[in-house]
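Here's start06.pdb, which has PDB, C-alpha atoms:
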ATOM      1  CA  MET O 252      11.574  -4.226  12.525
ATOM      2  CA  GLU O 253       9.103  -1.363  12.498
ATOM      3  CA  ASP O 254       8.043   0.766  15.463
ATOM      4  CA  ILE O 255       4.240   0.875  15.520
ATOM      5  CA  THR O 256       3.916   2.677  18.856
ATOM      6  CA  GLU O 257       2.644   5.898  17.273
ATOM      7  CA  GLN O 258       0.113   3.992  15.146
ATOM      8  CA  LYS O 259      -1.165   2.086  18.192
ATOM      9  CA  GLN O 260      -1.459   5.310  20.198
ATOM     10  CA  SER O 261      -3.465   6.853  17.340
ATOM     11  CA  GLU O 262      -5.748   3.812  17.241
ATOM     12  CA  ILE O 263      -6.310   4.019  20.999
ATOM     13  CA  SER O 264      -7.024   7.765  20.780
ATOM     14  CA  LEU O 265      -9.497   7.195  17.964
ATOM     15  CA  LYS O 266     -11.265   4.421  19.887
ATOM     16  CA  ASN O 267     -11.487   6.638  22.983
ATOM     17  CA  ALA O 268     -12.896   9.530  20.921
ATOM     18  CA  LEU O 269     -15.494   7.240  19.330
ATOM     19  CA  ASP O 270     -16.456   5.813  22.734
ATOM     20  CA  ASN O 271     -16.871   9.323  24.158
ATOM     21  CA  ALA O 272     -18.948  10.426  21.161
ATOM     22  CA  GLU O 273     -21.232   7.401  21.602
ATOM     23  CA  LYS O 274     -21.662   8.178  25.311
ATOM     24  CA  GLN O 275     -22.626  11.766  24.435
ATOM     25  CA  ARG O 276     -25.072  10.538  21.776
ATOM     26  CA  ARG O 277     -26.743   8.216  24.278
ATOM     27  CA  LEU O 278     -26.933  10.988  26.879
ATOM     28  CA  TYR O 279     -28.511  13.508  24.488
ATOM     29  CA  SER O 280     -30.836  10.868  23.092
ATOM     30  CA  SER O 281     -31.950   9.933  26.593
ATOM     31  CA  ILE O 282     -32.620  13.572  27.462
ATOM     32  CA  THR O 283     -34.475  14.498  24.285
ATOM     33  CA  ASN O 284     -36.508  11.314  24.107
ATOM     34  CA  ASN O 285     -37.709  11.567  27.695
ATOM     35  CA  THR O 286     -39.107  15.075  27.516
ATOM     36  CA  PRO O 287     -42.650  15.907  26.457
ATOM     37  CA  ASP O 288     -41.230  18.896  24.569
ATOM     38  CA  LEU O 289     -40.815  18.713  20.814
ATOM     39  CA  VAL O 290     -37.149  18.526  19.870
ATOM     40  CA  TYR O 291     -36.031  18.568  16.264
ATOM     41  CA  VAL O 292     -33.146  19.477  14.008
ATOM     42  CA  PHE O 293     -33.326  20.193  10.331
ATOM     43  CA  ASP O 294     -30.608  20.998   7.836
ATOM     44  CA  LEU O 295     -30.207  24.075   5.652
ATOM     45  CA  ASP O 296     -32.615  22.536   3.119
ATOM     46  CA  TYR O 297     -35.266  22.172   5.863
ATOM     47  CA  LYS O 298     -35.055  18.394   5.864
ATOM     48  CA  PHE O 299     -35.302  16.847   9.309
ATOM     49  CA  THR O 300     -32.132  15.213  10.574
ATOM     50  CA  TYR O 301     -33.540  14.494  14.045
ATOM     51  CA  ALA O 302     -36.951  14.340  15.699
ATOM     52  CA  ASN O 303     -37.495  13.124  19.255
ATOM     53  CA  LYS O 304     -40.115  10.584  20.315
ATOM     54  CA  ALA O 305     -42.657  13.253  21.348
ATOM     55  CA  LEU O 306     -42.560  14.853  17.899
ATOM     56  CA  LEU O 307     -42.674  11.516  16.094
ATOM     57  CA  ALA O 308     -45.689  10.541  18.213
ATOM     58  CA  MET O 309     -47.424  13.826  17.403
ATOM     59  CA  TRP O 310     -46.824  13.188  13.699
ATOM     60  CA  GLY O 311     -47.771   9.521  14.039
ATOM     61  CA  LYS O 312     -44.595   8.587  12.165
ATOM     62  CA  SER O 313     -41.491   6.497  12.659
ATOM     63  CA  GLU O 314     -37.974   7.868  12.254
ATOM     64  CA  GLU O 315     -37.727   6.119   8.885
ATOM     65  CA  ASN O 316     -40.826   7.958   7.641
ATOM     66  CA  ALA O 317     -39.821  11.394   8.998
ATOM     67  CA  ILE O 318     -36.052  11.828   8.970
ATOM     68  CA  GLY O 319     -34.705  13.066   5.665
ATOM     69  CA  TYR O 320     -38.044  14.597   4.712
ATOM     70  CA  GLY O 321     -38.964  18.260   4.635
ATOM     71  CA  LEU O 322     -41.449  20.346   6.549
ATOM     72  CA  ARG O 323     -44.349  19.921   4.133
ATOM     73  CA  GLU O 324     -43.708  16.183   3.784
ATOM     74  CA  ASN O 325     -44.024  15.904   7.558
ATOM     75  CA  GLY O 326     -47.378  17.660   7.604
ATOM     76  CA  TYR O 327     -46.490  21.294   8.206
ATOM     77  CA  GLU O 328     -48.869  23.821   6.718
ATOM     78  CA  GLU O 329     -47.518  26.414   4.295
ATOM     79  CA  TRP O 330     -47.683  29.239   6.843
ATOM     80  CA  ARG O 331     -45.613  27.270   9.373
ATOM     81  CA  HIS O 332     -43.114  26.302   6.698
ATOM     82  CA  LYS O 333     -42.659  29.994   5.809
ATOM     83  CA  MET O 334     -42.404  30.969   9.480
ATOM     84  CA  LEU O 335     -39.715  28.383  10.242
ATOM     85  CA  GLN O 336     -37.902  29.268   7.057
ATOM     86  CA  SER O 337     -37.868  32.990   7.873
ATOM     87  CA  HIS O 338     -36.665  32.358  11.427
ATOM     88  CA  SER O 339     -33.845  30.144  10.258
ATOM     89  CA  LEU O 340     -32.639  32.593   7.600
ATOM     90  CA  GLN O 341     -30.905  34.533  10.357
ATOM     91  CA  GLY O 342     -29.145  31.313  11.394
ATOM     92  CA  ARG O 343     -28.035  30.764   7.794
ATOM     93  CA  TYR O 344     -26.647  34.287   7.650
ATOM     94  CA  LEU O 345     -24.697  33.811  10.878
ATOM     95  CA  HIS O 346     -23.450  30.381   9.796
ATOM     96  CA  ARG O 347     -22.295  31.693   6.405
ATOM     97  CA  ASN O 348     -20.492  34.646   7.980
ATOM     98  CA  GLN O 349     -18.804  32.468  10.579
ATOM     99  CA  LYS O 350     -17.521  30.166   7.829
ATOM    100  CA  GLN O 351     -16.126  33.259   6.072
ATOM    101  CA  GLY O 352     -14.506  34.519   9.280
ATOM    102  CA  ARG O 353     -16.897  37.431   9.795
ATOM    103  CA  PRO O 354     -18.743  38.283  13.031
TER     104      PRO O 354
END
Just give me the structure of the file as structure tokens.
Amino acid sequence: MEDITEQKQSEISLKNALDNAEKQRRLYSSITNNTPDLVYVFDLDYKFTYANKALLAMWGKSEENAIGYGLRENGYEEWRHKMLQSHSLQGRYLHRNQKQGRP
């Protein structure tokens, strides 16, 4: 006989964590998709990982045609691309230093 109590408790904990994460995702999605404000997230390569409904409507694109694509591919002019890039360089610097344990 084998005691699987610990394994079952781990499975229950994992299921609870996944359920909570899904609830949070739905909450944030509901908030960001019901605001007229433009909400977006892009990665360190300036490729969009999230765009809310207001931004997708402004672009006239679906998620499939916007997410995973960069600023220029989503219609941003060169000046805006440079502006967003320069503003996010500070975020890169902070992120890199935090990963290295620096303030």
Inset, instruction - May I have the residues within 7 Å of Leu322 in chain O as a ChimeraX atom specification, using all atoms listed in the file and disregarding those fewer than 4 positions away in the same chain? - result: /O:297-298,326-327,332
Could you write out as JSON the box around range 254-260 of chain O (axis-aligned, all atoms listed in the file, 8 Å on each side), with centre and edge lengths in Å to one decimal?
{"center_x": 3.3, "center_y": 3.3, "center_z": 17.7, "size_x": 25.5, "size_y": 21.1, "size_z": 21.1}
Legend entry - Output of the PyMOL selection byres ((chain O and resi 300) around 10), listed as a ChimeraX atom specification: /O:291-294,297-299,301-302,314,317-321
Inset, instruction - Go ahead and compute the interatomic distance for CA of Lys274 in chain O and CA of Gln258 in chain O, in Å to one decimal. - result: 24.4 Å
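Going from CA of Ser261 in chain O to CA of Arg277 in chain O covers 24.3 Å.
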Inset, instruction - Expand the PyMOL selection byres ((chain O and resi 288) around 10) into the individual residues it matches in the shown file, reporting them as a PyMOL selection string. - result: chain O and resi 283-287+289-291+303-306
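Taking CA of Leu307 in chain O and CA of Leu269 in chain O as endpoints, the distance between them is 27.7 Å.
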